[in-house]
Structures are given as structure tokens and as C-alpha cells.
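The next block is structure20.cif, given as mmCIF, C-alpha atoms.
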```
data_coords
#
loop_
_atom_site.label_atom_id
_atom_site.label_comp_id
_atom_site.auth_asym_id
_atom_site.auth_seq_id
_atom_site.Cartn_x
_atom_site.Cartn_y
_atom_site.Cartn_z
CA MET A 1 0.00 0.00 0.00
CA PRO A 2 1.14 3.62 -0.42
CA SER A 3 3.24 4.36 2.66
CA ALA A 4 4.58 7.43 4.40
CA PRO A 5 8.36 7.83 4.70
CA GLY A 6 9.75 5.75 7.53
CA GLU A 7 6.84 3.33 7.64
CA ILE A 8 5.29 0.58 5.59
CA ALA A 9 1.55 0.04 5.19
CA LEU A 10 0.26 -3.47 4.52
CA THR A 11 -3.10 -5.09 4.02
CA ALA A 12 -3.88 -8.69 4.91
CA THR A 13 -6.80 -11.05 5.21
CA LEU A 14 -7.35 -12.73 8.56
CA VAL A 15 -8.85 -16.14 9.33
CA HIS A 16 -10.46 -16.46 12.74
CA GLU A 17 -12.48 -19.65 13.07
CA THR A 18 -15.30 -19.24 10.56
CA ALA A 19 -14.85 -15.48 10.12
CA ARG A 20 -12.76 -13.70 7.51
CA SER A 21 -11.51 -10.15 8.01
CA ILE A 22 -9.45 -7.61 6.13
CA CYS A 23 -6.87 -5.64 8.10
CA GLY A 24 -4.68 -2.62 7.52
CA LEU A 25 -1.28 -2.86 9.20
CA THR A 26 1.45 -0.27 9.68
CA ALA A 27 5.03 -0.74 10.81
CA THR A 28 8.15 1.34 11.04
CA TRP A 29 10.49 0.79 8.11
CA PRO A 30 13.07 -0.65 7.74
CA GLY A 31 12.93 -1.83 11.34
CA PHE A 32 9.50 -3.48 10.91
CA ASP A 33 8.93 -3.26 14.65
CA PRO A 34 6.43 -2.62 16.07
CA VAL A 35 3.60 -3.65 13.75
CA ALA A 36 0.25 -2.04 14.54
CA VAL A 37 -3.26 -2.84 13.33
CA ALA A 38 -4.56 0.41 11.87
CA TRP A 39 -8.01 -0.98 11.11
CA SER A 40 -9.81 -4.30 10.79
CA HIS A 41 -13.21 -5.19 9.37
CA GLU A 42 -14.94 -8.53 9.16
CA VAL A 43 -15.96 -9.37 5.60
CA PRO A 44 -19.58 -10.51 5.68
CA PRO A 45 -20.20 -13.72 3.72
CA THR A 46 -23.79 -12.44 3.20
CA ALA A 47 -25.04 -15.61 1.48
CA GLY A 48 -23.98 -18.22 4.07
CA SER A 49 -20.56 -18.94 5.59
CA TRP A 50 -17.00 -18.62 4.41
CA VAL A 51 -15.21 -21.46 2.63
CA ILE A 52 -12.04 -19.70 1.49
CA LEU A 53 -10.79 -16.13 0.98
CA PRO A 54 -7.50 -16.37 -0.93
CA GLY A 55 -7.75 -13.39 -3.31
CA LEU A 56 -6.46 -9.95 -2.32
CA ALA A 57 -5.30 -7.15 -4.63
CA GLN A 58 -4.96 -3.40 -4.50
CA SER A 59 -5.22 -0.86 -7.26
CA GLY A 60 -5.77 2.87 -7.38
CA GLY A 61 -5.95 3.11 -3.60
CA ASN A 62 -8.70 0.51 -3.32
CA LEU A 63 -8.60 -3.10 -2.17
CA TYR A 64 -10.23 -6.06 -3.89
CA LEU A 65 -11.08 -9.46 -2.41
CA ALA A 66 -12.26 -12.72 -3.96
CA GLY A 67 -13.24 -16.00 -2.33
CA THR A 68 -15.90 -18.65 -1.96
CA VAL A 69 -18.90 -18.84 0.36
CA THR A 70 -21.52 -21.46 0.97
CA ASP A 71 -24.70 -20.09 -0.53
CA THR A 72 -27.72 -20.97 1.55
CA ARG A 73 -30.01 -19.26 -0.93
CA ARG A 74 -29.37 -21.95 -3.51
CA LEU A 75 -31.16 -25.29 -3.59
CA ARG A 76 -28.99 -28.38 -3.41
CA VAL A 77 -28.89 -30.23 -6.73
CA ARG A 78 -29.97 -33.84 -6.32
CA ALA A 79 -27.27 -35.43 -8.50
CA GLY A 80 -23.81 -34.57 -7.29
CA GLY A 81 -24.33 -30.96 -6.21
CA ARG A 82 -22.62 -29.70 -3.06
CA MET B 1 -23.53 -25.32 -2.83
CA ASN B 2 -21.05 -22.48 -3.03
CA SER B 3 -20.88 -19.16 -4.82
CA GLY B 4 -18.06 -16.76 -5.56
CA LEU B 5 -17.79 -13.62 -3.46
CA ALA B 6 -15.93 -10.50 -4.52
CA ALA B 7 -15.65 -7.30 -2.51
CA SER B 8 -13.87 -3.98 -2.57
CA TYR B 9 -12.72 -1.81 0.32
CA SER B 10 -11.18 1.62 0.40
CA ALA B 11 -7.62 2.01 1.61
CA THR B 12 -9.00 2.93 5.03
CA GLY B 13 -11.15 -0.19 5.24
CA ASP B 14 -14.54 1.15 4.22
CA LEU B 15 -16.65 -1.31 2.24
CA ARG B 16 -17.22 -0.03 -1.30
CA TRP B 17 -19.17 -2.96 -2.72
CA LEU B 18 -19.72 -6.69 -2.28
CA SER B 19 -20.99 -9.12 -4.92
CA VAL B 20 -22.02 -12.76 -4.63
CA VAL B 21 -21.56 -14.37 -8.04
CA THR B 22 -23.45 -17.49 -9.13
CA VAL B 23 -22.91 -18.79 -12.65
CA SER B 24 -24.19 -22.36 -12.56
CA SER B 25 -26.56 -24.69 -10.77
CA HIS B 26 -23.59 -26.38 -9.06
CA THR B 27 -20.69 -25.09 -6.94
CA ASP B 28 -18.93 -21.92 -8.04
CA GLY B 29 -16.08 -20.06 -6.35
CA PHE B 30 -13.16 -17.65 -6.68
CA PHE B 31 -9.48 -18.28 -5.88
CA ASP B 32 -7.84 -15.03 -6.98
CA VAL B 33 -8.57 -11.49 -8.04
CA VAL B 34 -6.76 -9.19 -10.47
CA VAL B 35 -7.40 -5.56 -11.34
CA GLY B 36 -7.18 -4.53 -14.99
CA PRO B 37 -7.35 -1.02 -16.41
CA ASP B 38 -11.16 -0.99 -16.64
CA ALA B 39 -12.38 -4.06 -14.79
CA VAL B 40 -11.79 -6.41 -11.89
CA TYR B 41 -11.28 -10.08 -12.77
CA ALA B 42 -12.10 -12.81 -10.27
CA VAL B 43 -10.95 -16.29 -11.30
CA GLY B 44 -11.81 -19.72 -9.94
CA GLN B 45 -14.08 -22.58 -10.79
CA ALA B 46 -17.65 -22.91 -12.03
CA SER B 47 -20.12 -25.74 -11.97
CA GLU B 48 -17.95 -27.96 -9.81
CA TYR B 49 -19.38 -31.14 -8.38
CA ALA B 50 -18.14 -34.52 -7.25
CA VAL B 51 -17.99 -37.21 -9.90
CA HIS B 52 -16.01 -40.22 -8.76
CA PRO B 53 -13.07 -40.30 -9.07
CA ASP B 54 -12.00 -37.24 -11.02
CA GLY B 55 -14.58 -34.56 -10.33
CA PHE B 56 -15.85 -31.96 -12.69
CA GLY B 57 -15.75 -28.20 -13.15
CA TYR B 58 -14.86 -25.37 -15.49
CA GLY B 59 -12.24 -22.68 -15.12
CA LEU B 60 -14.06 -19.43 -14.39
CA VAL B 61 -13.28 -15.79 -15.14
CA SER B 62 -15.76 -13.22 -13.90
CA LYS B 63 -15.35 -9.67 -15.16
CA LEU B 64 -16.66 -7.16 -12.62
CA ASP B 65 -17.27 -3.42 -12.69
CA PRO B 66 -14.54 -1.88 -10.49
CA SER B 67 -16.89 0.81 -9.17
CA THR B 68 -19.95 -1.28 -8.33
CA GLY B 69 -18.94 -4.96 -8.42
CA ALA B 70 -21.65 -5.69 -10.96
CA VAL B 71 -20.90 -8.67 -13.19
CA ARG B 72 -20.17 -7.63 -16.76
CA ALA B 73 -19.38 -11.11 -18.07
CA ASN B 74 -18.71 -14.66 -16.96
CA LEU B 75 -16.43 -16.92 -19.00
CA THR B 76 -15.89 -20.62 -18.49
CA PHE B 77 -12.99 -22.67 -19.83
CA GLY B 78 -12.59 -26.42 -20.12
CA ASP B 79 -14.53 -29.41 -21.29
CA ASP B 80 -17.54 -31.32 -20.02
CA HIS B 81 -15.46 -34.51 -19.76
CA TYR B 82 -13.11 -33.46 -16.94
CA MET B 83 -12.30 -30.99 -14.18
CA SER B 84 -10.67 -27.62 -14.80
CA GLN B 85 -10.10 -24.59 -12.59
CA PHE B 86 -8.11 -21.38 -12.42
CA ASN B 87 -6.08 -20.87 -9.26
CA SER B 88 -4.42 -17.56 -9.99
CA ALA B 89 -4.19 -14.73 -12.48
CA VAL B 90 -2.05 -11.73 -13.35
CA TRP B 91 -2.51 -8.80 -15.70
CA ILE B 92 0.44 -8.52 -18.09
CA ALA B 93 0.78 -6.15 -21.05
CA GLY B 94 -2.93 -5.79 -21.64
CA HIS B 95 -3.73 -9.46 -21.19
CA LEU B 96 -5.30 -11.44 -18.40
CA VAL B 97 -3.07 -14.47 -17.81
CA CYS B 98 -4.60 -17.28 -15.75
CA GLY B 99 -3.00 -20.39 -14.28
CA GLY B 100 -4.75 -23.50 -13.08
CA LEU B 101 -5.33 -27.13 -13.86
CA THR B 102 -7.37 -29.24 -16.21
CA GLN B 103 -7.95 -32.88 -17.07
CA LEU B 104 -7.35 -33.80 -13.46
CA GLU B 105 -7.24 -37.53 -12.84
CA SER B 106 -6.92 -39.29 -9.51
CA SER B 107 -7.30 -42.76 -8.07
CA GLU B 108 -8.43 -44.14 -4.73
CA ARG B 109 -4.90 -45.38 -4.05
CA HIS B 110 -3.37 -42.00 -4.72
CA PRO B 111 -5.97 -39.32 -4.02
CA ALA B 112 -5.29 -35.79 -5.13
CA ALA B 113 -4.06 -33.37 -2.49
CA PRO B 114 -6.75 -31.30 -0.76
CA GLY B 115 -7.48 -28.25 -2.82
CA ILE B 116 -7.15 -29.96 -6.16
CA GLY B 117 -9.27 -32.98 -5.36
CA PRO B 118 -12.63 -33.58 -6.91
CA GLY B 119 -14.96 -34.14 -4.02
CA PRO B 120 -15.76 -33.51 -0.38
CA GLU B 121 -14.28 -36.87 0.56
CA GLN B 122 -10.89 -35.35 -0.13
CA TRP B 123 -11.24 -32.94 2.80
CA PRO B 124 -10.78 -33.47 6.54
CA ALA B 125 -14.05 -34.10 8.34
CA SER B 126 -13.98 -31.02 10.58
CA GLY B 127 -15.53 -28.00 8.98
CA VAL B 128 -13.05 -25.52 10.45
CA ALA B 129 -10.10 -27.83 9.79
CA ARG B 130 -11.35 -28.40 6.28
CA ASP B 131 -11.66 -24.69 5.64
CA ARG B 132 -8.19 -23.98 7.00
CA GLU B 133 -6.75 -26.85 5.03
CA ARG B 134 -8.46 -25.64 1.92
CA GLU B 135 -7.29 -22.09 2.49
CA ARG B 136 -3.72 -23.21 3.12
CA HIS B 137 -3.63 -25.39 0.04
CA GLY B 138 -5.30 -22.65 -1.97
CA ARG B 139 -2.47 -20.32 -1.08
CA ASP B 140 0.10 -23.03 -1.79
CA ARG B 141 -1.40 -23.65 -5.17
CA GLU B 142 -1.58 -19.95 -5.84
CA ALA B 143 2.10 -19.51 -5.07
CA ALA B 144 3.08 -22.56 -7.08
CA HIS B 145 1.15 -21.58 -10.14
CA ARG B 146 2.46 -18.03 -10.07
CA VAL B 147 6.01 -19.21 -10.61
CA THR B 148 5.57 -22.48 -12.46
CA ARG B 149 4.60 -23.34 -15.98
CA LEU B 150 4.37 -27.07 -16.16
CA PRO B 151 4.01 -29.08 -19.37
CA PRO B 152 0.69 -30.83 -19.95
CA SER B 153 0.33 -34.30 -18.54
CA ARG B 154 -2.55 -36.68 -18.87
CA ARG B 155 -1.99 -38.21 -15.44
CA GLY B 156 -1.82 -36.83 -11.94
CA GLY B 157 -3.19 -33.41 -12.75
CA LEU B 158 -2.53 -31.19 -15.67
CA HIS B 159 -1.36 -27.63 -15.33
CA SER B 160 -2.21 -25.25 -18.09
CA LEU B 161 -1.88 -21.59 -18.77
CA TRP B 162 -4.26 -19.74 -20.99
CA ARG B 163 -3.56 -16.42 -22.59
CA ARG B 164 -6.50 -14.51 -23.90
CA SER B 165 -7.03 -11.03 -25.15
CA SER B 166 -9.21 -9.40 -22.53
CA ARG B 167 -11.11 -7.50 -25.15
CA SER B 168 -11.78 -10.28 -27.62
CA ALA B 169 -12.51 -12.95 -25.03
CA LEU B 170 -14.37 -11.05 -22.35
CA ASP B 171 -16.50 -8.97 -24.66
CA ASP B 172 -17.89 -12.15 -26.12
CA PRO B 173 -18.94 -14.09 -23.02
CA HIS B 174 -20.40 -17.55 -23.13
CA LEU B 175 -21.25 -20.05 -20.46
CA LEU B 176 -21.00 -23.76 -20.92
CA GLU B 177 -23.47 -25.87 -18.99
CA PRO B 178 -22.60 -29.29 -17.60
CA ARG B 179 -23.97 -32.40 -19.24
CA ARG B 180 -22.98 -34.98 -16.67
CA GLY B 181 -24.84 -35.74 -13.47
CA GLU B 182 -27.85 -33.69 -14.40
#
```
Take the structure in this file and express it as C-alpha cells.
Amino acid sequence: MPSAPGEIALTATLVHETARSICGLTATWPGFDPVAVAWSHEVPPTAGSWVILPGLAQSGGNLYLAGTVTDTRRLRVRAGGR
Amino acid sequence: MNSGLAASYSATGDLRWLSVVTVSSHTDGFFDVVVGPDAVYAVGQASEYAVHPDGFGYGLVSKLDPSTGAVRANLTFGDDHYMSQFNSAVWIAGHLVCGGLTQLESSERHPAAPGIGPGPEQWPASGVARDRERERHGRDREAAHRVTRLPPSRRGGLHSLWRRSSRSALDDPHLLEPRRGE
């Protein structure tokens, strides 16, 4: 992430049990100590529960996430669906 | 069944948009996200379901509006005779480059590693453990496919890399529907 002189700003996804969060971290640079959590927000799965959240990218000052959720709105298909 | 979820946050952590993407009547999902000059591309797998022993699914590219998250197009890649999926993607010189696998084959004696296996029997029984295992292997696969271009192989999993013009491919979307297990 764009960072001020003397520090580095990072963004990461966090797995805590069934929840997934996105966090902004800052640390002094180049010492990288201490590391502080600037902000953290749980990403709502909205449709069900989280399966995986592996995708994270940043562009133009914005962050983008991609993953997979169980979708309780969808009917289970009888032959082989899951 | 699963769906893909894409979201965007501001640099200060404010939610800009969130989209749940469903492209088939089976399991869909995303494994990576890439930002192009005029769109966000989420890649993964569409129409996945367990067919013993090899599984089934298509590689999926969803083109999303970067301002709203609205789906502009969904593209699937593969064949209705075997499993395919995209694990990662990068944007290089005006092209979306995706890496993944196709024509996956496995056997009961040598099951595929979690994350590239065809069915739920490949995962640990615990839901949380399964999710963590899947997440870990997803990241492993992502890292591996970012740096590796492996030659095609009929056995033990095939790794392929597609290169498509974003304009010609994604402006002409099509969606293949599964024929097996219906």
C-alpha cells in the first residue's frame, strides 16, 4: 500500500475460526517493529458462511477481495451438487 | 452449494461494494482477483461437483465493474469430460493471464491433495479444519502456479496456462453448462 516515509503500510486477510476479516497494518520501516493494526473489518459472507478467501489485490488506492462462500439461498442439486 | 464472493474496500477499510456471483446450478467459487485497467477479474471454478473419481468443473473468469462490483461477463474454460479450474491470475501487457489445472485424474490409491481434489471426501471431516486446510492449500497452489509453468500431462493433474485477449474474449462471453450428473 502507499506508505509514508519511515513506515510501511500493509493489508492482509485474517482467518479467525469461521470469520474472515481484512486488516490494515502499519510498521516502522526498515525496522519493521512494532507492527500495529490500523483498522480491521470482518468481511460478511452475506449468502452463508466462508469457505475460502484467498484473493487480495490493491489498485488505485482501493482493495479487492475474492473468495468462496456457501450459498444458503441456492437449492442443493440432487445429483452430485454440493 | 457455493458461490463466488468479490468485494472492494477503500484504503482505510470502508466497504465499497460486495458481490455474490453465481454462474451455474452447481458449486462456483473464486481463488484469486486481479485488477485490470477498466475491470476487476475474479478467477476460480464454475459448476464444480463430485464425480467419482476425477470430479468436474470449469475454469471461471468473472469480469466485474470496479466501481460497483456488478458482473459484466462470466467466462468458463474447459470441457464437459473433466475438471478444470483457475487458481491464480495476473494482468500482463494488456492481457489477463490465468493459471490453473485441467484434465485432473486421480485414483483411490493416490488421491489428489486437498485443494485440487474432486470431491468432499478429499477434505478433513472437521468444517473448520477443512476450511483452514483448503485455504492453506489454496495459497500453496496460488504460489506454485504463479512461478511455475508445467508441461501438460494426462496423469496426476494437468497444469495449463491460458492467454486470452481481454477485449476479444471477455467482450464475447459464453457459459457452458454441464452435461454430466444432471
For CA of Gln85 (chain B) and CA of Gln45 (chain B), the interatomic separation in Å (one decimal): 4.8 Å
Which chain A residues have any atom within 8 Å of an atom of chain B, and for each, what is the nearest pair of atoms with distance in Å to one decimal, counting all atoms listed in the file, rows sorted by chain and number, as CSV?
```
residue,atom,partner,partner_atom,distance
A:Glu17,CA,B:Val128,CA,6.5
A:Thr18,CA,B:Val128,CA,6.7
A:Ile22,CA,B:Gly13,CA,7.7
A:Cys23,CA,B:Gly13,CA,7.5
A:Gly24,CA,B:Gly13,CA,7.3
A:Trp39,CA,B:Gly13,CA,6.7
A:Ser40,CA,B:Gly13,CA,7.0
A:His41,CA,B:Gly13,CA,6.8
A:Pro45,CA,B:Leu5,CA,7.6
A:Ala47,CA,B:Val20,CA,7.4
A:Val51,CA,B:Asp131,CA,5.7
A:Ile52,CA,B:Glu135,CA,5.4
A:Leu53,CA,B:Glu135,CA,7.1
A:Pro54,CA,B:Phe31,CA,5.7
A:Gly55,CA,B:Asp32,CA,4.0
A:Leu56,CA,B:Val33,CA,6.3
A:Ala57,CA,B:Val34,CA,6.4
A:Gln58,CA,B:Val35,CA,7.6
A:Ser59,CA,B:Val35,CA,6.6
A:Gly61,CA,B:Ala11,CA,5.6
A:Asn62,CA,B:Ser10,CA,4.6
A:Leu63,CA,B:Tyr9,CA,5.0
A:Tyr64,CA,B:Ser8,CA,4.4
A:Leu65,CA,B:Ala7,CA,5.1
A:Ala66,CA,B:Ala6,CA,4.3
A:Gly67,CA,B:Phe30,CA,4.7
A:Thr68,CA,B:Gly4,CA,4.6
A:Val69,CA,B:Asn2,CA,5.4
A:Thr70,CA,B:Asn2,CA,4.2
A:Asp71,CA,B:Asn2,CA,5.0
A:Thr72,CA,B:Met1,CA,7.5
A:Arg74,CA,B:Met1,CA,6.8
A:Leu75,CA,B:Met1,CA,7.7
A:Arg76,CA,B:Met1,CA,6.3
A:Val77,CA,B:His26,CA,7.0
A:Ala79,CA,B:Gly181,CA,5.5
A:Gly80,CA,B:Ala50,CA,5.7
A:Gly81,CA,B:Tyr49,CA,5.4
A:Arg82,CA,B:Met1,CA,4.5
```
d(CA of Gly94 (chain B), CA of Thr68 (chain B)) in Å: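 Atom-to-atom, CA of Gly94 (chain B) and CA of Thr68 (chain B) are spaced 22.1 Å apart.
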Selection result for the PyMOL selection byres ((chain B and resi 73) around 6) on this file, as a PyMOL selection string: chain B and resi 62-63+71-72+74+173
For Pro5 (chain A): contacts at 12 Å, all atoms listed in the file, fewer than 6 positions along chain excluded, given as a PyMOL selection string: chain A and resi 26-30
Between CA of Gly78 (chain B) and CA of Leu64 (chain B), distance in Å (one decimal):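 Here the two named atoms are 21.1 Å from each other.
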Taking all atoms of region 60-67 of chain A that the file lists and extending 6 Å past them on each side, where is the centre of the axis-aligned box and how long are its edges? Answer in Å to one decimal, as lines of an AutoDock Vina configuration file.
```
center_x = -9.5
center_y = -6.4
center_z = -4.8
size_x = 19.5
size_y = 31.1
size_z = 17.2
```
Expansion of the PyMOL selection byres ((chain A and resi 20) around 6) into residues, as a PyMOL selection string: chain A and resi 14-15+19+21+42-43
Polymer residues at most 7 Å from (-1.7, -14.7, -14.4) by only C-alpha atoms, as number ranges by chain: B: 88-91, 96-99, 146
